[in-house]
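**Student:** Dropping in model.tsv, with TSV, C-alpha atoms.
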chain	number	residue	atom	x	y	z
A	1	MET	CA	171.29	-33.96	52.53
A	2	PRO	CA	171.48	-30.76	50.43
A	3	ASN	CA	175.16	-30.72	51.24
A	4	ASP	CA	175.57	-34.20	49.79
A	5	ASN	CA	173.60	-33.25	46.69
A	6	CYS	CA	175.75	-30.21	46.13
A	7	LEU	CA	178.84	-32.33	46.51
A	8	SER	CA	177.70	-34.81	43.87
A	9	THR	CA	176.78	-32.01	41.46
A	10	SER	CA	180.20	-30.47	41.74
A	11	HIS	CA	181.64	-33.95	41.41
A	12	THR	CA	179.86	-34.60	38.08
A	13	LEU	CA	180.84	-31.15	36.88
A	14	ALA	CA	184.47	-31.91	37.72
A	15	THR	CA	184.21	-35.23	35.87
A	16	LEU	CA	182.71	-33.49	32.86
A	17	VAL	CA	185.49	-30.91	32.79
A	18	ARG	CA	188.13	-33.56	33.28
A	19	ARG	CA	186.72	-35.60	30.40
A	20	SER	CA	186.16	-32.73	28.00
A	21	LEU	CA	189.32	-30.68	28.55
A	22	PRO	CA	191.78	-33.09	26.83
A	23	ARG	CA	189.42	-33.41	23.86
A	24	PHE	CA	189.00	-29.67	23.68
A	25	ALA	CA	192.79	-29.20	23.74
A	26	ILE	CA	193.35	-31.82	21.02
A	27	PHE	CA	190.67	-30.40	18.70
A	28	SER	CA	191.97	-26.85	19.22
A	29	LEU	CA	195.47	-28.03	18.35
A	30	LEU	CA	194.13	-29.74	15.22
A	31	TRP	CA	192.29	-26.61	14.15
A	32	TYR	CA	195.36	-24.50	14.72
A	33	ALA	CA	197.47	-26.90	12.66
A	34	LEU	CA	194.92	-27.00	9.84
A	35	ALA	CA	193.86	-23.36	9.67
A	36	GLY	CA	197.05	-21.61	10.67
A	37	SER	CA	197.58	-18.63	12.93
A	38	ASP	CA	195.00	-16.32	11.33
A	39	ALA	CA	192.92	-15.00	14.26
A	40	LEU	CA	189.84	-14.59	12.09
A	41	SER	CA	189.73	-18.33	11.39
A	42	TRP	CA	188.65	-18.90	14.99
A	43	VAL	CA	185.26	-17.39	14.15
A	44	ILE	CA	184.56	-20.76	12.58
A	45	GLY	CA	187.17	-22.60	14.63
A	46	VAL	CA	185.67	-22.07	18.10
A	47	PRO	CA	182.20	-23.39	17.20
A	48	ALA	CA	183.75	-26.25	15.27
A	49	VAL	CA	185.99	-27.23	18.19
A	50	LEU	CA	183.10	-27.00	20.66
A	51	LEU	CA	180.86	-29.11	18.41
A	52	ALA	CA	183.60	-31.69	17.91
A	53	THR	CA	184.20	-31.87	21.66
A	54	SER	CA	180.53	-32.41	22.50
A	55	LEU	CA	180.09	-34.90	19.67
A	56	SER	CA	183.15	-36.83	20.78
A	57	LEU	CA	181.89	-36.86	24.39
A	58	SER	CA	178.46	-38.14	23.42
A	59	LEU	CA	179.97	-40.82	21.17
A	60	ALA	CA	182.48	-41.85	23.83
A	61	SER	CA	179.74	-42.52	26.38
A	62	SER	CA	178.09	-45.01	24.05
A	63	SER	CA	181.24	-46.96	23.12
A	64	ARG	CA	183.77	-48.46	25.51
A	65	LEU	CA	186.87	-47.04	23.93
A	66	ASN	CA	189.20	-45.71	26.59
A	67	ILE	CA	192.81	-45.27	25.63
A	68	ARG	CA	195.36	-45.43	28.43
A	69	VAL	CA	198.07	-42.79	28.28
A	70	ALA	CA	200.69	-45.13	29.75
A	71	GLY	CA	199.72	-47.80	27.23
A	72	LEU	CA	199.95	-45.27	24.42
A	73	LEU	CA	203.44	-44.23	25.50
A	74	HIS	CA	204.51	-47.88	25.37
A	75	PHE	CA	202.65	-48.59	22.17
A	76	ILE	CA	204.01	-45.77	19.97
A	77	PRO	CA	207.72	-46.73	20.14
A	78	PHE	CA	206.81	-50.42	19.82
A	79	PHE	CA	204.68	-49.68	16.77
A	80	LEU	CA	207.25	-47.40	15.12
A	81	TYR	CA	210.06	-49.92	15.64
A	82	GLN	CA	207.99	-52.87	14.42
A	83	SER	CA	206.68	-51.13	11.33
A	84	PHE	CA	210.20	-49.98	10.48
A	85	ARG	CA	211.35	-53.60	10.78
A	86	GLY	CA	208.39	-54.58	8.59
A	87	GLY	CA	209.49	-52.11	5.93
A	88	ILE	CA	213.08	-53.36	6.05
A	89	ASP	CA	211.84	-56.96	5.78
A	90	VAL	CA	209.74	-56.21	2.68
A	91	MET	CA	212.55	-54.16	1.15
A	92	HIS	CA	214.98	-57.02	1.63
A	93	ARG	CA	212.60	-59.56	0.09
A	94	ALA	CA	211.68	-57.31	-2.83
A	95	LEU	CA	215.24	-56.40	-3.75
A	96	SER	CA	217.05	-59.69	-3.06
A	97	PHE	CA	218.30	-61.44	-6.15
A	98	ARG	CA	216.61	-64.75	-5.48
A	99	GLN	CA	212.99	-64.66	-4.50
A	100	CYS	CA	212.98	-65.54	-0.81
A	101	LEU	CA	209.29	-65.94	-0.10
A	102	ASP	CA	207.64	-68.81	1.73
A	103	PRO	CA	204.09	-67.54	2.28
A	104	GLY	CA	201.43	-69.34	4.24
A	105	LEU	CA	198.33	-68.89	6.37
A	106	VAL	CA	198.36	-68.96	10.17
A	107	ALA	CA	195.23	-69.18	12.34
A	108	TYR	CA	195.10	-67.24	15.58
A	109	THR	CA	192.44	-66.93	18.27
A	110	THR	CA	192.44	-63.54	19.90
A	111	LEU	CA	191.42	-62.91	23.49
A	112	LEU	CA	190.68	-59.25	22.88
A	113	PRO	CA	187.00	-58.36	23.35
A	114	GLU	CA	184.84	-57.59	20.37
A	115	GLY	CA	184.75	-53.97	19.26
A	116	SER	CA	187.36	-51.29	18.82
A	117	ALA	CA	190.18	-53.22	20.50
A	118	ARG	CA	189.82	-56.16	18.11
A	119	ILE	CA	189.46	-53.97	15.02
A	120	PHE	CA	192.52	-51.98	16.04
A	121	PHE	CA	194.47	-55.21	16.62
A	122	VAL	CA	193.52	-56.62	13.21
A	123	ASN	CA	194.48	-53.40	11.44
A	124	THR	CA	197.87	-53.17	13.14
A	125	ILE	CA	198.77	-56.79	12.30
A	126	SER	CA	199.21	-55.68	8.69
A	127	LEU	CA	201.98	-53.28	9.68
A	128	LEU	CA	204.05	-55.84	11.60
A	129	PRO	CA	206.99	-57.53	9.86
A	130	GLY	CA	205.84	-60.32	7.58
A	131	THR	CA	202.22	-60.53	8.70
A	132	LEU	CA	198.94	-59.44	7.16
A	133	SER	CA	195.48	-59.98	8.60
A	134	ALA	CA	193.56	-61.76	5.88
A	135	GLU	CA	190.31	-62.61	7.60
A	136	LEU	CA	188.48	-61.91	10.84
A	137	ARG	CA	185.57	-64.10	11.83
A	138	GLY	CA	184.48	-63.70	15.44
A	139	ASP	CA	187.67	-64.11	17.48
A	140	GLN	CA	189.38	-66.13	14.74
A	141	VAL	CA	192.00	-64.18	12.82
A	142	THR	CA	193.54	-65.67	9.71
A	143	ILE	CA	197.00	-64.25	9.14
A	144	HIS	CA	198.91	-64.35	5.91
A	145	THR	CA	202.66	-64.45	6.44
A	146	LEU	CA	205.43	-63.76	3.95
A	147	ASP	CA	207.70	-66.37	5.49
A	148	GLN	CA	206.58	-69.35	7.50
A	149	GLY	CA	209.98	-69.36	9.19
A	150	LEU	CA	209.16	-66.11	10.98
A	151	PRO	CA	208.04	-66.25	14.65
A	152	VAL	CA	204.53	-65.13	13.66
A	153	TRP	CA	202.81	-66.44	16.78
A	154	ALA	CA	205.20	-64.70	19.19
A	155	ASN	CA	205.01	-61.40	17.29
A	156	ILE	CA	201.22	-61.42	17.25
A	157	GLN	CA	201.03	-62.25	20.96
A	158	ARG	CA	203.30	-59.35	21.78
A	159	LEU	CA	201.14	-57.03	19.68
A	160	GLU	CA	198.01	-58.34	21.39
A	161	TYR	CA	199.55	-57.63	24.79
A	162	HIS	CA	200.38	-54.07	23.74
A	163	VAL	CA	196.90	-53.46	22.31
A	164	ALA	CA	195.34	-54.79	25.53
A	165	ALA	CA	197.47	-52.39	27.59
A	166	LEU	CA	196.57	-49.55	25.24
A	167	MET	CA	192.83	-50.16	25.45
A	168	GLY	CA	192.84	-50.87	29.16
A	169	GLU	CA	191.96	-54.55	28.75
A	170	THR	CA	194.75	-56.02	30.88
A	171	GLY	CA	194.16	-58.74	33.42
A	172	GLU	CA	192.46	-60.99	30.92
A	173	GLY	CA	193.37	-64.47	29.87
A	174	ARG	CA	196.75	-64.26	28.23
A	175	GLU	CA	198.92	-64.32	31.37
A	176	ASN	CA	197.94	-67.87	32.26
A	177	LEU	CA	199.39	-69.19	29.03
B	178	MET	CA	220.15	-26.35	12.70
B	179	ASP	CA	222.47	-27.78	10.10
B	180	ILE	CA	222.51	-31.17	11.81
B	181	LEU	CA	218.71	-31.20	11.90
B	182	TYR	CA	218.57	-30.36	8.20
B	183	HIS	CA	221.00	-33.06	7.17
B	184	SER	CA	219.42	-35.75	9.34
B	185	GLY	CA	216.10	-34.73	7.75
B	186	THR	CA	217.64	-35.28	4.31
B	187	LEU	CA	218.85	-38.70	5.44
B	188	PHE	CA	215.33	-39.62	6.54
B	189	ILE	CA	213.92	-38.51	3.17
B	190	VAL	CA	216.50	-40.60	1.29
B	191	ILE	CA	215.55	-43.67	3.36
B	192	GLY	CA	211.88	-42.96	2.72
B	193	VAL	CA	212.39	-42.72	-1.04
B	194	LEU	CA	214.25	-46.04	-0.94
B	195	PHE	CA	211.29	-47.64	0.85
B	196	PHE	CA	208.92	-46.30	-1.81
B	197	LEU	CA	211.04	-47.67	-4.63
B	198	SER	CA	211.32	-51.11	-3.03
B	199	GLY	CA	207.57	-51.12	-2.42
B	200	THR	CA	207.01	-50.64	-6.13
B	201	VAL	CA	209.51	-53.38	-6.94
B	202	GLY	CA	207.63	-55.67	-4.58
B	203	LEU	CA	204.31	-54.76	-6.18
B	204	ILE	CA	205.70	-55.81	-9.56
B	205	ARG	CA	207.77	-58.82	-8.51
B	206	PHE	CA	205.74	-60.60	-5.83
B	207	PRO	CA	203.71	-63.57	-7.07
B	208	ASP	CA	200.18	-63.11	-5.70
B	209	ILE	CA	197.74	-60.54	-4.38
B	210	TYR	CA	198.52	-61.19	-0.70
B	211	THR	CA	202.27	-60.85	-1.00
B	212	ARG	CA	201.80	-57.71	-3.11
B	213	LEU	CA	199.63	-56.29	-0.35
B	214	HIS	CA	202.49	-56.87	2.09
B	215	ALA	CA	204.84	-54.91	-0.15
B	216	LEU	CA	202.41	-52.08	-0.77
B	217	THR	CA	201.16	-51.58	2.78
B	218	LYS	CA	204.39	-51.90	4.72
B	219	ALA	CA	206.96	-50.33	2.43
B	220	ASP	CA	204.82	-47.36	1.44
B	221	ASN	CA	203.65	-46.57	4.95
B	222	VAL	CA	207.16	-46.69	6.34
B	223	GLY	CA	208.40	-44.71	3.35
B	224	LEU	CA	205.83	-41.99	3.91
B	225	GLY	CA	206.67	-42.04	7.63
B	226	CYS	CA	210.36	-41.45	6.88
B	227	VAL	CA	209.59	-38.64	4.41
B	228	VAL	CA	207.26	-37.02	6.95
B	229	CYS	CA	209.88	-37.31	9.70
B	230	GLY	CA	212.54	-35.82	7.45
B	231	LEU	CA	210.38	-32.88	6.39
B	232	ALA	CA	209.31	-32.28	10.00
B	233	LEU	CA	212.95	-32.20	11.12
B	234	GLN	CA	213.75	-29.71	8.38
B	235	SER	CA	210.72	-27.50	8.86
B	236	GLY	CA	211.51	-26.48	12.42
B	237	SER	CA	207.88	-25.48	13.00
B	238	TRP	CA	205.63	-27.49	15.29
B	239	VAL	CA	202.44	-26.48	13.44
B	240	LEU	CA	203.78	-27.99	10.25
B	241	THR	CA	204.96	-31.05	12.18
B	242	VAL	CA	201.47	-31.63	13.58
B	243	LYS	CA	199.99	-31.29	10.11
B	244	LEU	CA	202.50	-33.72	8.58
B	245	LEU	CA	201.92	-36.25	11.36
B	246	LEU	CA	198.17	-35.90	10.82
B	247	ILE	CA	198.59	-36.73	7.14
B	248	TRP	CA	200.69	-39.76	8.00
B	249	LEU	CA	198.18	-40.95	10.58
B	250	LEU	CA	195.35	-40.65	8.04
B	251	VAL	CA	197.28	-42.61	5.44
B	252	LEU	CA	198.19	-45.26	8.05
B	253	ILE	CA	194.58	-45.78	9.14
B	254	ALA	CA	193.28	-45.75	5.59
B	255	SER	CA	195.82	-48.12	4.10
B	256	SER	CA	195.76	-50.64	6.94
B	257	ALA	CA	191.97	-50.75	6.77
B	258	SER	CA	191.82	-51.11	3.00
B	259	CYS	CA	194.64	-53.67	3.12
B	260	HIS	CA	192.58	-55.85	5.44
B	261	LEU	CA	189.49	-55.30	3.31
B	262	ILE	CA	191.27	-56.31	0.08
B	263	ALA	CA	192.78	-59.40	1.73
B	264	SER	CA	189.53	-60.57	3.29
B	265	SER	CA	187.61	-60.00	0.04
B	266	ALA	CA	190.23	-62.05	-1.78
B	267	MET	CA	189.81	-64.81	0.81
B	268	GLN	CA	186.05	-64.70	0.33
B	269	LYS	CA	186.51	-65.03	-3.41
B	270	ASN	CA	188.57	-68.14	-2.71
B	271	ILE	CA	191.74	-66.75	-4.22
B	272	LYS	CA	194.39	-69.20	-3.04
B	273	PRO	CA	197.60	-67.78	-1.64
B	274	TRP	CA	200.71	-68.56	-3.65
B	275	THR	CA	202.92	-71.13	-1.96
B	276	ARG	CA	206.48	-72.13	-2.58
B	277	PRO	CA	206.53	-74.80	-5.28
C	278	MET	CA	217.11	-25.95	-0.34
C	279	SER	CA	214.60	-26.20	-3.12
C	280	TRP	CA	216.34	-28.31	-5.76
C	281	LEU	CA	217.06	-31.22	-3.43
C	282	HIS	CA	213.42	-31.81	-2.55
C	283	THR	CA	212.33	-31.42	-6.16
C	284	LEU	CA	214.94	-34.03	-7.08
C	285	PHE	CA	213.51	-36.46	-4.52
C	286	ALA	CA	210.02	-35.84	-5.88
C	287	LEU	CA	211.31	-36.62	-9.38
C	288	ILE	CA	212.86	-39.87	-8.13
C	289	LEU	CA	209.46	-40.91	-6.79
C	290	LEU	CA	207.78	-40.41	-10.17
C	291	PRO	CA	209.23	-43.63	-11.67
C	292	ALA	CA	207.93	-45.48	-8.61
C	293	ILE	CA	204.43	-44.52	-9.74
C	294	ALA	CA	205.14	-45.04	-13.44
C	295	VAL	CA	206.53	-48.55	-12.93
C	296	GLY	CA	203.52	-49.35	-10.74
C	297	MET	CA	201.37	-48.99	-13.84
C	298	ILE	CA	202.79	-52.31	-15.08
C	299	ARG	CA	200.60	-53.90	-12.41
C	300	ILE	CA	197.54	-52.23	-13.96
C	301	LEU	CA	198.37	-53.85	-17.29
C	302	ARG	CA	199.08	-57.27	-15.81
C	303	GLY	CA	196.28	-57.54	-13.29
C	304	PRO	CA	195.19	-60.35	-12.95
C	305	THR	CA	192.30	-59.32	-10.68
C	306	ALA	CA	190.66	-55.92	-10.44
C	307	ALA	CA	191.93	-55.61	-6.87
C	308	ASP	CA	195.53	-55.92	-8.11
C	309	ARG	CA	194.86	-52.95	-10.36
C	310	MET	CA	193.24	-51.06	-7.53
C	311	MET	CA	196.37	-51.57	-5.43
C	312	THR	CA	198.20	-49.42	-7.94
C	313	ALA	CA	195.66	-46.71	-7.23
C	314	GLN	CA	196.58	-47.06	-3.58
C	315	LEU	CA	200.23	-46.74	-4.54
C	316	PHE	CA	199.31	-43.55	-6.38
C	317	GLY	CA	197.69	-42.29	-3.21
C	318	THR	CA	200.60	-42.87	-0.84
C	319	CYS	CA	203.28	-41.98	-3.36
C	320	GLY	CA	201.32	-38.96	-4.52
C	321	VAL	CA	201.08	-37.66	-0.97
C	322	ALA	CA	204.84	-38.04	-0.55
C	323	ILE	CA	205.51	-36.27	-3.86
C	324	LEU	CA	203.19	-33.40	-2.93
C	325	LEU	CA	204.85	-33.00	0.48
C	326	LEU	CA	208.32	-33.00	-1.09
C	327	LEU	CA	207.22	-30.52	-3.76
C	328	SER	CA	205.74	-28.21	-1.15
C	329	ALA	CA	209.15	-28.11	0.55
C	330	GLY	CA	210.90	-27.80	-2.80
C	331	MET	CA	208.75	-25.02	-4.22
C	332	LEU	CA	208.23	-23.36	-0.82
C	333	ASN	CA	204.50	-23.58	-1.36
C	334	PRO	CA	202.61	-24.58	1.82
C	335	VAL	CA	199.31	-24.92	-0.08
C	336	LEU	CA	200.51	-28.23	-1.51
C	337	ILE	CA	200.45	-29.73	2.00
C	338	ASP	CA	196.71	-29.08	2.19
C	339	ILE	CA	196.30	-30.75	-1.19
C	340	ALA	CA	198.23	-33.74	0.16
C	341	LEU	CA	195.83	-33.90	3.10
C	342	VAL	CA	192.80	-34.02	0.79
C	343	PHE	CA	194.59	-36.54	-1.42
C	344	ALA	CA	195.20	-38.82	1.56
C	345	LEU	CA	191.51	-38.74	2.44
C	346	LEU	CA	190.27	-39.32	-1.11
C	347	ALA	CA	192.65	-42.17	-1.95
C	348	ALA	CA	191.41	-44.09	1.06
C	349	LEU	CA	187.78	-43.53	0.12
C	350	ALA	CA	188.41	-44.64	-3.45
C	351	THR	CA	189.87	-48.00	-2.41
C	352	LEU	CA	187.24	-48.69	0.23
C	353	THR	CA	184.38	-47.80	-2.09
C	354	PHE	CA	185.80	-49.89	-4.90
C	355	ILE	CA	186.17	-52.99	-2.72
C	356	ARG	CA	182.74	-52.75	-1.13
C	357	ARG	CA	180.76	-51.69	-4.18
C	358	THR	CA	182.49	-53.20	-7.17
C	359	TRP	CA	184.71	-56.09	-6.26
C	360	GLN	CA	182.60	-57.71	-3.56
C	361	GLY	CA	179.49	-57.10	-5.63
C	362	SER	CA	180.64	-59.30	-8.51
C	363	GLY	CA	181.22	-62.54	-6.66
C	364	LYS	CA	180.12	-62.01	-3.15
C	365	ASN	CA	178.67	-63.89	-0.23
C	366	LYS	CA	179.96	-67.31	-1.13
C	367	HIS	CA	179.72	-68.24	2.53
C	368	GLY	CA	176.82	-65.94	3.26
C	369	TYR	CA	178.33	-63.98	6.10
C	370	PRO	CA	178.87	-60.23	6.21
C	371	LEU	CA	182.35	-58.80	6.00
C	372	SER	CA	183.76	-57.80	9.33
Taking this structure as input, can you express it in the form of structure tokens?
**Tutor:**
Amino acid sequence: MPNDNCLSTSHTLATLVRRSLPRFAIFSLLWYALAGSDALSWVIGVPAVLLATSLSLSLASSSRLNIRVAGLLHFIPFFLYQSFRGGIDVMHRALSFRQCLDPGLVAYTTLLPEGSARIFFVNTISLLPGTLSAELRGDQVTIHTLDQGLPVWANIQRLEYHVAALMGETGEGRENL
Amino acid sequence: MDILYHSGTLFIVIGVLFFLSGTVGLIRFPDIYTRLHALTKADNVGLGCVVCGLALQSGSWVLTVKLLLIWLLVLIASSASCHLIASSAMQKNIKPWTRP
Amino acid sequence: MSWLHTLFALILLPAIAVGMIRILRGPTAADRMMTAQLFGTCGVAILLLLSAGMLNPVLIDIALVFALLAALATLTFIRRTWQGSGKNKHGYPLS
């Protein structure tokens, strides 16, 4: 029995270290980037980083936000490419001689769960080519589009899939469509 | 090093072009929603290009992290306030402009 | 090195100046506030370019603060001023 207890204690300790180390590394990196290489700055930096790590840990246990690294690696290039396309699209419409706008509203029902995943999804819609999230009520998203000829629905679905993979929400709903 | 510097300059030129077209869109587009499109997308991509260009030219990873942090902050802030402006406009029953 | 970045920063200035037309035209207060947002993003870019042009790293820190404050200004305006004047038509809170 004591053996088992000891094992579980070391197990929780290992979990704690595994959960806090990446945060600690990220906050240290941020401090270094903000404060520069002056060694004296760490007099404030070390307590600040430790506080930020513990605060982030205690906040993370109350919310369900868990970002998948694999999802993030897929999401970043997707996001960069799409927002670049969005910029090109707006540039083309703003600078073209004739005004080529055909705006409209599109309704969309998201399958993402309520909370950070949905908020993140709604905020990223505005950076996709030709779409802008105009209203969020429950799981109903109203999307304003610059051009009703654009494949809005397909773009949004692809974004939703990526957000689900990023937030670790896969295996829900969308695949049976 | 020279190639890095010149590709950085290219990125900055593209970024400045995005900024200028964002302003043109803000002036030319017919209603608040379409103007939001112009402002949010063009300016964020423009800032992203400028940040990339400067990071390529700086050759220091500390500066790169700082620049990326600034971009990330602006991205989060402007996408959130973009949604907030649009949803407030919807609540105020401001009708989107449609093609006549 | 320095003159090129300063030139780019100068090119961005008209982007801000022309944006002021939107302040004059409106029509809603939010349209005017969008110009403030343009000032924020454009201002950050100008500061970053100037810091490379003038070889002054302090300007990057100013850009960082600028990025934070511009966001706060827009959010506060929308929540406090614009929504306050004609709000809750449907009686539900903003998400």
**Student:** Just give me the gap between CA of Ala286 in chain C and CA of Phe97 in chain A in Å, one decimal is fine.
**Tutor:**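 The value is 26.9 Å.
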**Student:** Counting only C-alpha atoms, which residues of chain C come no farther than 6 Å from chain B, as an MDAnalysis selection string?
**Tutor:** chainID C and resid 292 296 341 344 348 352
**Student:** Nearest to chain C: which of A:Pro129, A:Leu50, A:Arg118, A:Gln157 is it, counting all atoms listed in the file?
**Tutor:**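 Counting all atoms listed in the file, the residue closest to chain C is A:Arg118.
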**Student:** As a count of residues only, please: the residues near Val69 in chain A (cut-off 10 Å, only C-alpha atoms, same-chain neighbours under 3 positions excluded).
**Tutor:** 9
**Student:** Identify which of the residues C:Arg356, C:Leu289, C:Leu349, C:Ile337 lies closest to chain A, counting all atoms listed in the file when measuring atom-to-atom distances.
**Tutor:**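 Distance minimum relative to chain A lands on C:Ile337.
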**Student:** Counting all atoms listed in the file, select every polymer residue within 9 Å of (200.9, -42.1, -1.3) as defined in the file's coordinates, and provide the selection as a VMD selection string.
**Tutor:** (chain B and resid 220 to 221 224 251) or (chain C and resid 314 to 323 340 343 to 344 347)
**Student:** Can you work out which residues from chain A touch chain C at a cut-off of 12 Å (counting only C-alpha atoms) and hand them back as a list in words?
**Tutor:**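 Here they are: Ala33, Leu34, Ala35, Gly36, Glu114, Gly115, Arg118, Ile119, Val122, Asn123, Ser133, Ala134, Glu135, Leu136, Arg137, Gly138, Asp139, Gln140 and Val141 of chain A.
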**Student:** Output the contact residues of chain A with respect to chain B at a cut-off of 9 Å, based on all atoms listed in the file, as a ChimeraX atom specification.
**Tutor:** /A:29-30,32-34,36,80,83-84,86-95,99,101-105,122-136,144-146
**Student:** The residues within 7 Å of (210.5, -31.9, -6.5), using all atoms listed in the file and the coordinates of the file, should be reported as a ChimeraX atom specification; which are they?
**Tutor:** /C:280,282-287,326-327,330
**Student:** So the first atom is CA of Phe120 in chain A and the second is CA of Glu160 in chain A; what is the distance between them in Å, to one decimal place?
**Tutor:**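 CA of Glu160 in chain A lies 10.0 Å from CA of Phe120 in chain A.
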**Student:** Could you jot down the CA of Arg299 in chain C to CA of Lys272 in chain B separation for me, Å, one decimal place?
**Tutor:**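 Computed distance, CA of Arg299 in chain C to CA of Lys272 in chain B, equals 19.0 Å.
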**Student:** For a quick check of understanding, using all atoms listed in the file, which of A:Thr15, A:Val152, A:Ala164, A:Asp147 has the smallest distance to Ser116 in chain A?
**Tutor:**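 The closest residue to Ser116 in chain A is A:Ala164.
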